[in-house]
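Enquirer: First, the structure itself, so that you have it in front of you.
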There are 2 protein chains.
Amino acid sequence: MKPNFSLRLRIFNLNCWGIPYLSKHRGDRVKRLGDFLNMESFDLALLEEVWSEQDFQYLRQKLLPTYPAAHYFRSGIIGSGLCVFSKHPIQEFTQHVYTLNGYPYMIHHGDWFCGKAVGLLVLHLSGLVLNAYVTHLHAEYNRQKDIYLAHRVAQAWELAQFIHHTSKKADVVLLCGDLNLHPKDLGCRLLKEWTGLRDAYLETRDFKGSEEGCTMVPENCYVNQQELEPFPFGIRIDYVLYKAVSGFYISCKALRTTIGHDPHGGTPLSDHEALMATLCVRHSPPQHTPSPTHGSAERSRLISVLKEAWAELDLGMAQARWWAAFAGYVICLGLLLVALLCTLAAGGRVREVAILLWTPSVGLLLGAGAVYLFHMQEAKGLSRVWAELQHVLGRAREAQDLGPESQPALLLGQQEGDRSEEQ
Amino acid sequence: MKPNFSLRLRIFNLNCWGIPYLSKHRGDRVKRLGDFLNMESFDLALLEEVWSEQDFQYLRQKLLPTYPAAHYFRSGIIGSGLCVFSKHPIQEFTQHVYTLNGYPYMIHHGDWFCGKAVGLLVLHLSGLVLNAYVTHLHAEYNRQKDIYLAHRVAQAWELAQFIHHTSKKADVVLLCGDLNLHPKDLGCRLLKEWTGLRDAYLETRDFKGSEEGCTMVPENCYVNQQELEPFPFGIRIDYVLYKAVSGFYISCKALRTTIGHDPHGGTPLSDHEALMATLCVRHSPPQHTPSPTHGSAERSRLISVLKEAWAELDLGMAQARWWAAFAGYVICLGLLLVALLCTLAAGGRVREVAILLWTPSVGLLLGAGAVYLFHMQEAKGLSRVWAELQHVLGRAREAQDLGPESQPALLLGQQEGDRSEEQ
């Protein structure tokens with residue numbers, strides 16, 4: 001690679017709102033999205049909520065001349081909704097399905113049936129290894145009383161760990177997607193602190209688009225205006241995040257978003273706004289050691305966010321165990337009830353009533369059994385993340401105790417070292 | 001690191017057969033296992049089927065002076081059964097739960113409830129990065145008519161991919177566990193060909209233990225003799241696999257197994273035999289390029305095993321879709337039946353019979369619904385692996401078409417290059 005190596009990457013990200021039969025003007029929007037992607041010829045287009053594989057196949061055919069490589073990440077019952085179109089050959093791909101993703105009995109929310117995941121693509125561009133990740137985390141339906149908070153924090157941690165462990169030999173890491181997290185939310189801070197990823201919106205000097213970079217805005221005719229009431233400018237939950245790892249420097253030259261209508265002023269492409277980033281990768285300037293105070297400040301932030309996440313998961317675990325215990329009691333009651341009804345039916349007294357009540361009783365029993373098993377699994381999943389956080393927290397504290405002269409790269413694994421290279 | 005660097009690693013692996021209430025003499029066996037591990041002081045002890053977390057906590061307390069670091073991998077409803085005890089500090093750990101792991105309605109087999117997984121530990125030993133993996137794949141209950149074959153192949157692929165993507169910066173990779181695969185089985189070949197891992201039993205010149213390295217032998221009093229009838233010496237399904245990645249060379253100096261009783265001649269520690277390996281890691285001799293014919297032979301083997309796995313998953317997908325379609329028909333029939341029964345009950349004719357039949361009809365409907373959703377998910381999971389295999393196969397074929405002069409490291413990703421360093 002030449003010393004004056006420089007690479008420009010144009011990235012597109014959009015949550016497409018492609019729910020068959022439910023999302024308005026889906027066919028037309030997918031068609032216009034295809035036209036726009038063909039016209040703009042991005043290096044990489046990462047899409048979420050492409051729930052119908054037919055939509056993906058349609059786009060694949062349409063985009064083939066401009067984006068010869070494409071992949072649809074299949075998972076869960078409905079699918080992850082994630083797909084990607086690339087101008088460059090995809091060297092490798094794989095995916096990780098999140099262990100926790102809502103509750104199957106919350107059918108009207110539907111997240112559990114989707115199998116939310118993170119997809120990974122490895123691309124080799126002019127000798128540079130790019131790991132591109134695309135993801136979509138569990139939706140937030142009620143910000144005041146968010147029953148999915150622990151799951152979303154666990155997903156953010158699994159995402160961070162997946163990136164951390166799979167990108168150790170990458171030169172550049174890119175993460176796009178709908179995180180369903182506001183910039184200051186716990187999950188977002190946890191992800192950024194543990195991976196060292198930087199936010200294109202906060203980093204770029206050339207931003208044009210919606211107020212405060214929001215990706216769901218009241219101007220968009222598909223957005224539920226009531227949900228956005230507490231946020232006059234809208235909310236920012238879709239991101240382009242990046243970092244350079246080994247001897248490279250990456251910056252965001254420009255970031256654009258749509259503003260409630262399609263890039264040509266027509267009806268919007270989705271209920272979310274599209275993100276269009278121009279990234280520039282260069283060889284990093286001669287490496288310098290980060291100042292001890294900087295390393296220490298980073299470590300303090302990491303410790304603080306890890307503690308916060310740990311406490312949140314503690315609450316989530318207690319709740320999961322409460323539900324499992326409650327379901328356990330219901331199972332016992334259900335067994336007693338069924339036994340009583342069998343006796344009554346056999347004895348001939350109130351026979352018809354007993355038979356009538358038998359169905360709901362057995363239903364109750366089976367339902368409680370399923371709820372018990374589900375929440376046992378939930379508690380196991382949360383305690384797994386809890387244990388990982390505890391371990392990382394312990395090591396971060398050890399590093400802090402060793403004082404500012406301790407080497408963060410040795411004590412906090414890879415990414416602290418990576419960050420120092422990016423300064 | 002000094003140029004004459006050399007590291008000796010003593011590894012212990014055992015499937016502990018620790019099913020609460022069901023496994024014979026569990027308490028006594030766990031106690032004796034603890035005594036043995038303390039006495040031998042291995043660098044790393046990797047255990048499977050420690051289903052009870054109490055057993056893990058007991059061992060943790062007992063082994064604390066000799067193995068200060070330990071971790072229990074939690075997943076699924078029951079747990080993964082995986083745990084690890086280490087003489088050296090564990091830098092990082094994480095896990096991946098397999099997407100496909102049997103069927104929930106096969107309650108008597110129970111694998112689905114376990115959440116079978118692969119656990120990863122990162123250790124730093126004298127400046128060397130060791131990625132140690134421990135796993136346990138789905139059991140094989142009927143070798144002649146194995147309904148779990150596609151799931152086990154998919155698990156082997158997920159395991160291989162997890163190792164491939166998370167070990168890119170490791171110096172040494174170690175995989176221990178109960179693969180529930182015979183050495184020539186498709187899953188085992190797929191795993192070895194895609195990761196480049198080598199089998200301690202086949203590599204070592206100093207083996208002492210059971211005939212043909214078997215890890216379930218007829219001499220073991222806990223083994224079901226009937227199941228082993230077709231295999232006079234027993235079966236080899238537990239493995240120590242390893243490879244060195246970057247500038248290192250690893251060899252197995254010695255491998256021992258128990259032979260149907262504990263290492264001191266008493267009743268066995270488990271129904272499986274323990275594996276004890278002494279590995280030696282050194283700086284690799286000056287690197288040489290592999291001969292083109294060697295690269296080509298490896299590529300042919302890889303292509304052949306990928307094609308075989310691809311065909312197996314194709315069959316599995318067809319079967320999953322058949323079951324989903326069948327469940328779909330049953331749902332339609334169930335709906336018709338429930339409607340008919342409601343009409344009969346309302347009409348007053350054969351009312352009691354109608355009410356009596358209502359329970360099994362609704363049960364049938366719900367059951368078929370669950371089966372439908374499960375097999376839809378199964379088909380999605382299998383098609384995800386199928387797509388990954390297809391992509392790798394395509395790239396391997398491209399490499400083959402380019403002829404022997406093509407650079408395997410560029411075309412087949414990391415591991416071909418790794419292998420060349422290990423020659």
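Residue numbering restarts at 1 in every chain; chains get A, B, ... in the order shown in the structure tokens, and ligands count up from 1 in that same order.
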Taking only C-alpha atoms into account, find every residue of chain B that has an atom no more than 6 Å from chain A, and write it out as a PDB file with all heavy atoms, in the first residue's frame.
Expert:
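Final output, saved to selection-v5.pdb:
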ATOM      1  N   ARG B  74     -23.524 -19.520  30.695  1.00  0.00           N
ATOM      2  CA  ARG B  74     -24.977 -19.686  30.865  1.00  0.00           C
ATOM      3  C   ARG B  74     -25.708 -19.457  29.536  1.00  0.00           C
ATOM      4  O   ARG B  74     -25.405 -18.501  28.826  1.00  0.00           O
ATOM      5  CB  ARG B  74     -25.493 -18.677  31.884  1.00  0.00           C
ATOM      6  CG  ARG B  74     -24.971 -18.918  33.285  1.00  0.00           C
ATOM      7  CD  ARG B  74     -25.575 -17.940  34.252  1.00  0.00           C
ATOM      8  NE  ARG B  74     -24.923 -18.025  35.544  1.00  0.00           N
ATOM      9  CZ  ARG B  74     -23.878 -17.290  35.909  1.00  0.00           C
ATOM     10  NH1 ARG B  74     -23.356 -16.415  35.069  1.00  0.00           N
ATOM     11  NH2 ARG B  74     -23.347 -17.423  37.110  1.00  0.00           N
ATOM     12  N   SER B  75     -26.669 -20.329  29.253  1.00  0.00           N
ATOM     13  CA  SER B  75     -27.502 -20.117  28.051  1.00  0.00           C
ATOM     14  C   SER B  75     -28.708 -21.031  28.091  1.00  0.00           C
ATOM     15  O   SER B  75     -28.787 -21.925  28.932  1.00  0.00           O
ATOM     16  CB  SER B  75     -26.690 -20.368  26.774  1.00  0.00           C
ATOM     17  OG  SER B  75     -26.560 -21.745  26.562  1.00  0.00           O
ATOM     18  N   GLY B  76     -29.654 -20.810  27.181  1.00  0.00           N
ATOM     19  CA  GLY B  76     -30.838 -21.646  27.075  1.00  0.00           C
ATOM     20  C   GLY B  76     -31.658 -21.649  28.355  1.00  0.00           C
ATOM     21  O   GLY B  76     -31.609 -20.707  29.141  1.00  0.00           O
ATOM     22  N   ILE B  77     -32.429 -22.724  28.558  1.00  0.00           N
ATOM     23  CA  ILE B  77     -33.256 -22.823  29.761  1.00  0.00           C
ATOM     24  C   ILE B  77     -32.480 -23.556  30.848  1.00  0.00           C
ATOM     25  O   ILE B  77     -32.397 -23.099  31.984  1.00  0.00           O
ATOM     26  CB  ILE B  77     -34.574 -23.556  29.436  1.00  0.00           C
ATOM     27  CG1 ILE B  77     -35.395 -22.687  28.468  1.00  0.00           C
ATOM     28  CG2 ILE B  77     -35.362 -23.847  30.702  1.00  0.00           C
ATOM     29  CD1 ILE B  77     -36.454 -23.429  27.705  1.00  0.00           C
ATOM     30  N   HIS B 165     -13.871 -16.177  12.643  1.00  0.00           N
ATOM     31  CA  HIS B 165     -14.010 -14.720  12.728  1.00  0.00           C
ATOM     32  C   HIS B 165     -13.475 -14.127  14.036  1.00  0.00           C
ATOM     33  O   HIS B 165     -13.205 -12.939  14.088  1.00  0.00           O
ATOM     34  CB  HIS B 165     -15.473 -14.312  12.533  1.00  0.00           C
ATOM     35  CG  HIS B 165     -15.912 -14.398  11.100  1.00  0.00           C
ATOM     36  ND1 HIS B 165     -15.570 -13.440  10.162  1.00  0.00           N
ATOM     37  CD2 HIS B 165     -16.632 -15.329  10.440  1.00  0.00           C
ATOM     38  CE1 HIS B 165     -16.071 -13.791   8.987  1.00  0.00           C
ATOM     39  NE2 HIS B 165     -16.718 -14.925   9.130  1.00  0.00           N
ATOM     40  N   THR B 166     -13.381 -14.939  15.093  1.00  0.00           N
ATOM     41  CA  THR B 166     -12.937 -14.370  16.375  1.00  0.00           C
ATOM     42  C   THR B 166     -11.459 -14.644  16.670  1.00  0.00           C
ATOM     43  O   THR B 166     -10.956 -14.168  17.677  1.00  0.00           O
ATOM     44  CB  THR B 166     -13.774 -14.917  17.558  1.00  0.00           C
ATOM     45  OG1 THR B 166     -13.695 -16.346  17.541  1.00  0.00           O
ATOM     46  CG2 THR B 166     -15.222 -14.477  17.489  1.00  0.00           C
ATOM     47  N   LYS B 168      -8.812 -14.152  14.507  1.00  0.00           N
ATOM     48  CA  LYS B 168      -7.922 -13.625  13.473  1.00  0.00           C
ATOM     49  C   LYS B 168      -6.656 -12.993  14.051  1.00  0.00           C
ATOM     50  O   LYS B 168      -5.663 -12.866  13.365  1.00  0.00           O
ATOM     51  CB  LYS B 168      -8.675 -12.634  12.576  1.00  0.00           C
ATOM     52  CG  LYS B 168      -9.671 -13.360  11.671  1.00  0.00           C
ATOM     53  CD  LYS B 168     -10.322 -12.466  10.646  1.00  0.00           C
ATOM     54  CE  LYS B 168     -11.226 -13.300   9.741  1.00  0.00           C
ATOM     55  NZ  LYS B 168     -11.967 -12.499   8.771  1.00  0.00           N
ATOM     56  N   LYS B 169      -6.711 -12.565  15.296  1.00  0.00           N
ATOM     57  CA  LYS B 169      -5.498 -11.968  15.875  1.00  0.00           C
ATOM     58  C   LYS B 169      -4.893 -12.857  16.966  1.00  0.00           C
ATOM     59  O   LYS B 169      -3.999 -12.432  17.688  1.00  0.00           O
ATOM     60  CB  LYS B 169      -5.799 -10.568  16.419  1.00  0.00           C
ATOM     61  CG  LYS B 169      -4.675  -9.595  16.043  1.00  0.00           C
ATOM     62  CD  LYS B 169      -4.919  -8.199  16.508  1.00  0.00           C
ATOM     63  CE  LYS B 169      -3.708  -7.337  16.219  1.00  0.00           C
ATOM     64  NZ  LYS B 169      -3.934  -5.945  16.566  1.00  0.00           N
ATOM     65  N   THR B 359     -61.618 -29.215  23.553  1.00  0.00           N
ATOM     66  CA  THR B 359     -60.283 -29.115  24.155  1.00  0.00           C
ATOM     67  C   THR B 359     -59.198 -29.682  23.239  1.00  0.00           C
ATOM     68  O   THR B 359     -58.245 -28.979  22.904  1.00  0.00           O
ATOM     69  CB  THR B 359     -60.253 -29.831  25.522  1.00  0.00           C
ATOM     70  OG1 THR B 359     -61.304 -29.308  26.297  1.00  0.00           O
ATOM     71  CG2 THR B 359     -58.931 -29.640  26.222  1.00  0.00           C
ATOM     72  N   MET B 376     -40.639 -22.971  10.560  1.00  0.00           N
ATOM     73  CA  MET B 376     -40.331 -21.804   9.728  1.00  0.00           C
ATOM     74  C   MET B 376     -38.967 -21.240  10.160  1.00  0.00           C
ATOM     75  O   MET B 376     -38.129 -20.875   9.336  1.00  0.00           O
ATOM     76  CB  MET B 376     -41.390 -20.714   9.920  1.00  0.00           C
ATOM     77  CG  MET B 376     -42.699 -20.995   9.222  1.00  0.00           C
ATOM     78  SD  MET B 376     -42.543 -21.016   7.437  1.00  0.00           S
ATOM     79  CE  MET B 376     -42.340 -19.264   7.128  1.00  0.00           C
ATOM     80  N   GLN B 377     -38.803 -21.164  11.487  1.00  0.00           N
ATOM     81  CA  GLN B 377     -37.538 -20.675  12.035  1.00  0.00           C
ATOM     82  C   GLN B 377     -36.389 -21.614  11.669  1.00  0.00           C
ATOM     83  O   GLN B 377     -35.293 -21.168  11.323  1.00  0.00           O
ATOM     84  CB  GLN B 377     -37.685 -20.588  13.556  1.00  0.00           C
ATOM     85  CG  GLN B 377     -36.519 -19.926  14.234  1.00  0.00           C
ATOM     86  CD  GLN B 377     -36.603 -20.060  15.746  1.00  0.00           C
ATOM     87  OE1 GLN B 377     -37.086 -21.059  16.275  1.00  0.00           O
ATOM     88  NE2 GLN B 377     -36.136 -19.064  16.442  1.00  0.00           N
ATOM     89  N   LYS B 380     -35.378 -21.027   8.138  1.00  0.00           N
ATOM     90  CA  LYS B 380     -34.612 -19.773   8.034  1.00  0.00           C
ATOM     91  C   LYS B 380     -33.174 -19.994   8.514  1.00  0.00           C
ATOM     92  O   LYS B 380     -32.222 -19.535   7.878  1.00  0.00           O
ATOM     93  CB  LYS B 380     -35.256 -18.685   8.911  1.00  0.00           C
ATOM     94  CG  LYS B 380     -36.405 -17.932   8.275  1.00  0.00           C
ATOM     95  CD  LYS B 380     -35.917 -16.713   7.513  1.00  0.00           C
ATOM     96  CE  LYS B 380     -37.009 -15.747   7.160  1.00  0.00           C
ATOM     97  NZ  LYS B 380     -38.204 -16.304   6.545  1.00  0.00           N
ATOM     98  N   GLY B 381     -33.022 -20.687   9.647  1.00  0.00           N
ATOM     99  CA  GLY B 381     -31.693 -20.948  10.223  1.00  0.00           C
ATOM    100  C   GLY B 381     -30.841 -21.776   9.279  1.00  0.00           C
ATOM    101  O   GLY B 381     -29.657 -21.493   9.070  1.00  0.00           O
ATOM    102  N   ARG B 384     -29.811 -19.822   6.203  1.00  0.00           N
ATOM    103  CA  ARG B 384     -28.732 -18.872   6.501  1.00  0.00           C
ATOM    104  C   ARG B 384     -27.370 -19.576   6.350  1.00  0.00           C
ATOM    105  O   ARG B 384     -26.462 -19.081   5.674  1.00  0.00           O
ATOM    106  CB  ARG B 384     -28.919 -18.354   7.935  1.00  0.00           C
ATOM    107  CG  ARG B 384     -27.726 -17.628   8.497  1.00  0.00           C
ATOM    108  CD  ARG B 384     -27.080 -18.440   9.616  1.00  0.00           C
ATOM    109  NE  ARG B 384     -25.782 -17.939   9.975  1.00  0.00           N
ATOM    110  CZ  ARG B 384     -25.377 -17.774  11.211  1.00  0.00           C
ATOM    111  NH1 ARG B 384     -26.150 -18.029  12.211  1.00  0.00           N
ATOM    112  NH2 ARG B 384     -24.146 -17.361  11.434  1.00  0.00           N
TER     113      ARG B 384
END
Enquirer: I need the residues of region 183-390 of chain B that end up classed as strand (DSSP E or B) by DSSP on the backbone, written out as number ranges by chain.
Expert: B: 198-199, 207-208, 216, 235, 238-244, 248-257, 275-283
Enquirer: Any idea what the distance is between CA of Leu336 (chain B) and CA of Val353 (chain B)?
Expert: 16.5 Å
Enquirer: What is the distance between CA of Asp185 (chain A) and CA of Leu228 (chain A), in Å to one decimal?
Expert: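 Computed distance, CA of Asp185 (chain A) to CA of Leu228 (chain A), equals 16.8 Å.
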Enquirer: Write out as a list in words all residues of region 10-56 of chain B that backbone DSSP assigns to helix (DSSP H, G or I).
Expert: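 Taking region 10-56 of chain B and keeping helix (DSSP H, G or I) gives Arg26, Gly27, Asp28, Arg29, Val30, Lys31, Arg32, Leu33, Gly34, Asp35, Phe36, Leu37, Asn38, Met39, Glu40, Glu53, Gln54, Asp55 and Phe56 of chain B.
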Enquirer: How would the residues just picked look written out with C-alpha atoms as a CSV table (one decimal), in the first residue's frame?
Expert:
chain,number,residue,atom,x,y,z
B,26,ARG,CA,-22.7,-37.5,40.4
B,27,GLY,CA,-21.7,-36.0,43.7
B,28,ASP,CA,-18.9,-38.5,44.3
B,29,ARG,CA,-17.6,-38.2,40.7
B,30,VAL,CA,-17.6,-34.3,40.9
B,31,LYS,CA,-15.7,-34.6,44.2
B,32,ARG,CA,-13.1,-36.9,42.7
B,33,LEU,CA,-12.8,-34.8,39.6
B,34,GLY,CA,-12.0,-31.8,41.8
B,35,ASP,CA,-9.3,-33.8,43.7
B,36,PHE,CA,-7.8,-35.0,40.4
B,37,LEU,CA,-7.7,-31.5,38.8
B,38,ASN,CA,-6.1,-30.0,42.0
B,39,MET,CA,-3.5,-32.7,42.0
B,40,GLU,CA,-2.6,-32.5,38.4
B,53,GLU,CA,-24.5,-24.6,38.5
B,54,GLN,CA,-24.1,-25.9,42.1
B,55,ASP,CA,-21.6,-28.4,40.8
B,56,PHE,CA,-19.7,-25.6,39.1
Enquirer: Fewer than 3 positions away in the same chain doesn't count, so skip those; otherwise give me all residues within 10 Å of Leu44 (chain B), counting only C-alpha atoms, as a PyMOL selection string.
Expert: chain B and resi 9-13+37+41+47+67+69-70+84-88+132
Enquirer: List the spatial neighbours of Leu179 (chain A) as a PyMOL selection string - criterion: any atom at most 9 Å away, only C-alpha atoms, same-chain residues fewer than 4 positions off excluded.
Expert: chain A and resi 135-139+152+156+187-188+237-239
Enquirer: Could you write out that same residue set with all heavy atoms as a compact mmCIF listing (two decimals), in the first residue's frame?
Expert:
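Done, and the output landed in part.txt:
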# COMPACT_ATOMS: atom_id res chain seq x y z
N THR A 135 -27.14 -3.57 11.71
CA THR A 135 -27.97 -4.14 12.78
C THR A 135 -29.27 -3.36 12.98
O THR A 135 -29.44 -2.25 12.46
CB THR A 135 -27.19 -4.21 14.10
OG1 THR A 135 -27.88 -5.08 15.00
CG2 THR A 135 -27.05 -2.85 14.78
N HIS A 136 -30.16 -3.95 13.75
CA HIS A 136 -31.44 -3.35 14.11
C HIS A 136 -31.79 -3.89 15.49
O HIS A 136 -32.01 -5.09 15.64
CB HIS A 136 -32.49 -3.75 13.07
CG HIS A 136 -33.81 -3.08 13.25
ND1 HIS A 136 -34.94 -3.46 12.58
CD2 HIS A 136 -34.18 -2.03 14.04
CE1 HIS A 136 -35.95 -2.69 12.94
NE2 HIS A 136 -35.51 -1.82 13.83
N LEU A 137 -31.81 -3.02 16.50
CA LEU A 137 -32.10 -3.49 17.86
C LEU A 137 -33.60 -3.42 18.14
O LEU A 137 -34.38 -2.85 17.37
CB LEU A 137 -31.33 -2.65 18.88
CG LEU A 137 -29.80 -2.60 18.75
CD1 LEU A 137 -29.17 -1.99 19.99
CD2 LEU A 137 -29.19 -3.97 18.51
N HIS A 138 -33.98 -4.00 19.28
CA HIS A 138 -35.39 -4.05 19.69
C HIS A 138 -35.99 -2.65 19.76
O HIS A 138 -35.38 -1.73 20.29
CB HIS A 138 -35.51 -4.75 21.04
CG HIS A 138 -36.90 -5.20 21.36
ND1 HIS A 138 -37.94 -4.32 21.58
CD2 HIS A 138 -37.44 -6.44 21.46
CE1 HIS A 138 -39.05 -5.01 21.82
NE2 HIS A 138 -38.77 -6.29 21.75
N ALA A 139 -37.20 -2.51 19.25
CA ALA A 139 -37.87 -1.20 19.23
C ALA A 139 -38.21 -0.72 20.64
O ALA A 139 -38.29 -1.53 21.58
CB ALA A 139 -39.14 -1.29 18.39
N ARG A 152 -32.64 -4.43 25.45
CA ARG A 152 -31.92 -3.58 24.50
C ARG A 152 -30.48 -3.33 24.97
O ARG A 152 -29.56 -3.29 24.16
CB ARG A 152 -32.67 -2.27 24.26
CG ARG A 152 -32.43 -1.77 22.85
CD ARG A 152 -33.22 -0.53 22.46
NE ARG A 152 -34.64 -0.70 22.66
CZ ARG A 152 -35.31 -0.24 23.72
NH1 ARG A 152 -34.67 0.43 24.66
NH2 ARG A 152 -36.59 -0.43 23.82
N ALA A 156 -27.19 -4.35 22.98
CA ALA A 156 -26.10 -3.40 22.72
C ALA A 156 -24.77 -4.02 23.15
O ALA A 156 -23.75 -3.88 22.47
CB ALA A 156 -26.35 -2.08 23.44
N GLY A 187 -27.53 2.09 26.27
CA GLY A 187 -27.04 1.13 25.28
C GLY A 187 -26.08 1.76 24.29
O GLY A 187 -25.07 1.17 23.92
N CYS A 188 -26.40 2.99 23.88
CA CYS A 188 -25.57 3.69 22.90
C CYS A 188 -24.20 4.03 23.49
O CYS A 188 -23.16 3.85 22.86
CB CYS A 188 -26.30 4.95 22.45
SG CYS A 188 -25.68 5.62 20.92
N ILE A 237 -32.07 7.91 16.04
CA ILE A 237 -31.91 6.52 16.47
C ILE A 237 -31.19 5.67 15.41
O ILE A 237 -30.87 4.52 15.66
CB ILE A 237 -33.26 5.86 16.83
CG1 ILE A 237 -34.26 5.94 15.67
CG2 ILE A 237 -33.86 6.51 18.08
CD1 ILE A 237 -35.55 5.16 15.93
N ASP A 238 -30.94 6.26 14.23
CA ASP A 238 -30.18 5.56 13.18
C ASP A 238 -28.78 6.16 13.12
O ASP A 238 -28.64 7.39 13.21
CB ASP A 238 -30.88 5.69 11.83
CG ASP A 238 -32.30 5.16 11.86
OD1 ASP A 238 -33.19 5.91 12.34
OD2 ASP A 238 -32.51 4.01 11.46
N TYR A 239 -27.78 5.32 12.92
CA TYR A 239 -26.41 5.80 13.06
C TYR A 239 -25.48 5.29 11.96
O TYR A 239 -25.69 4.21 11.41
CB TYR A 239 -25.82 5.31 14.40
CG TYR A 239 -26.51 5.90 15.61
CD1 TYR A 239 -27.68 5.31 16.12
CD2 TYR A 239 -26.02 7.02 16.25
CE1 TYR A 239 -28.33 5.84 17.22
CE2 TYR A 239 -26.66 7.57 17.36
CZ TYR A 239 -27.81 6.97 17.84
OH TYR A 239 -28.45 7.50 18.93
Enquirer: Just want the 8 Å neighbourhood of Ile303 (chain B), counted on only C-alpha atoms, with same-chain residues fewer than 4 positions away dropped. Output as a list of chain:residue names.
Expert: B:Arg299, B:Lys307, B:Leu393, B:Ala396, B:Arg397
Enquirer: What's around Leu14 (chain B) at 12 Å? Count only C-alpha atoms, leave out sequence neighbours fewer than 4 positions away in its own chain, and write the answer as a PyMOL selection string.
Expert: chain B and resi 18+30+33+37+44-50+81-84+134-136+176-179+215-216+237-240+257-258+262+268-277
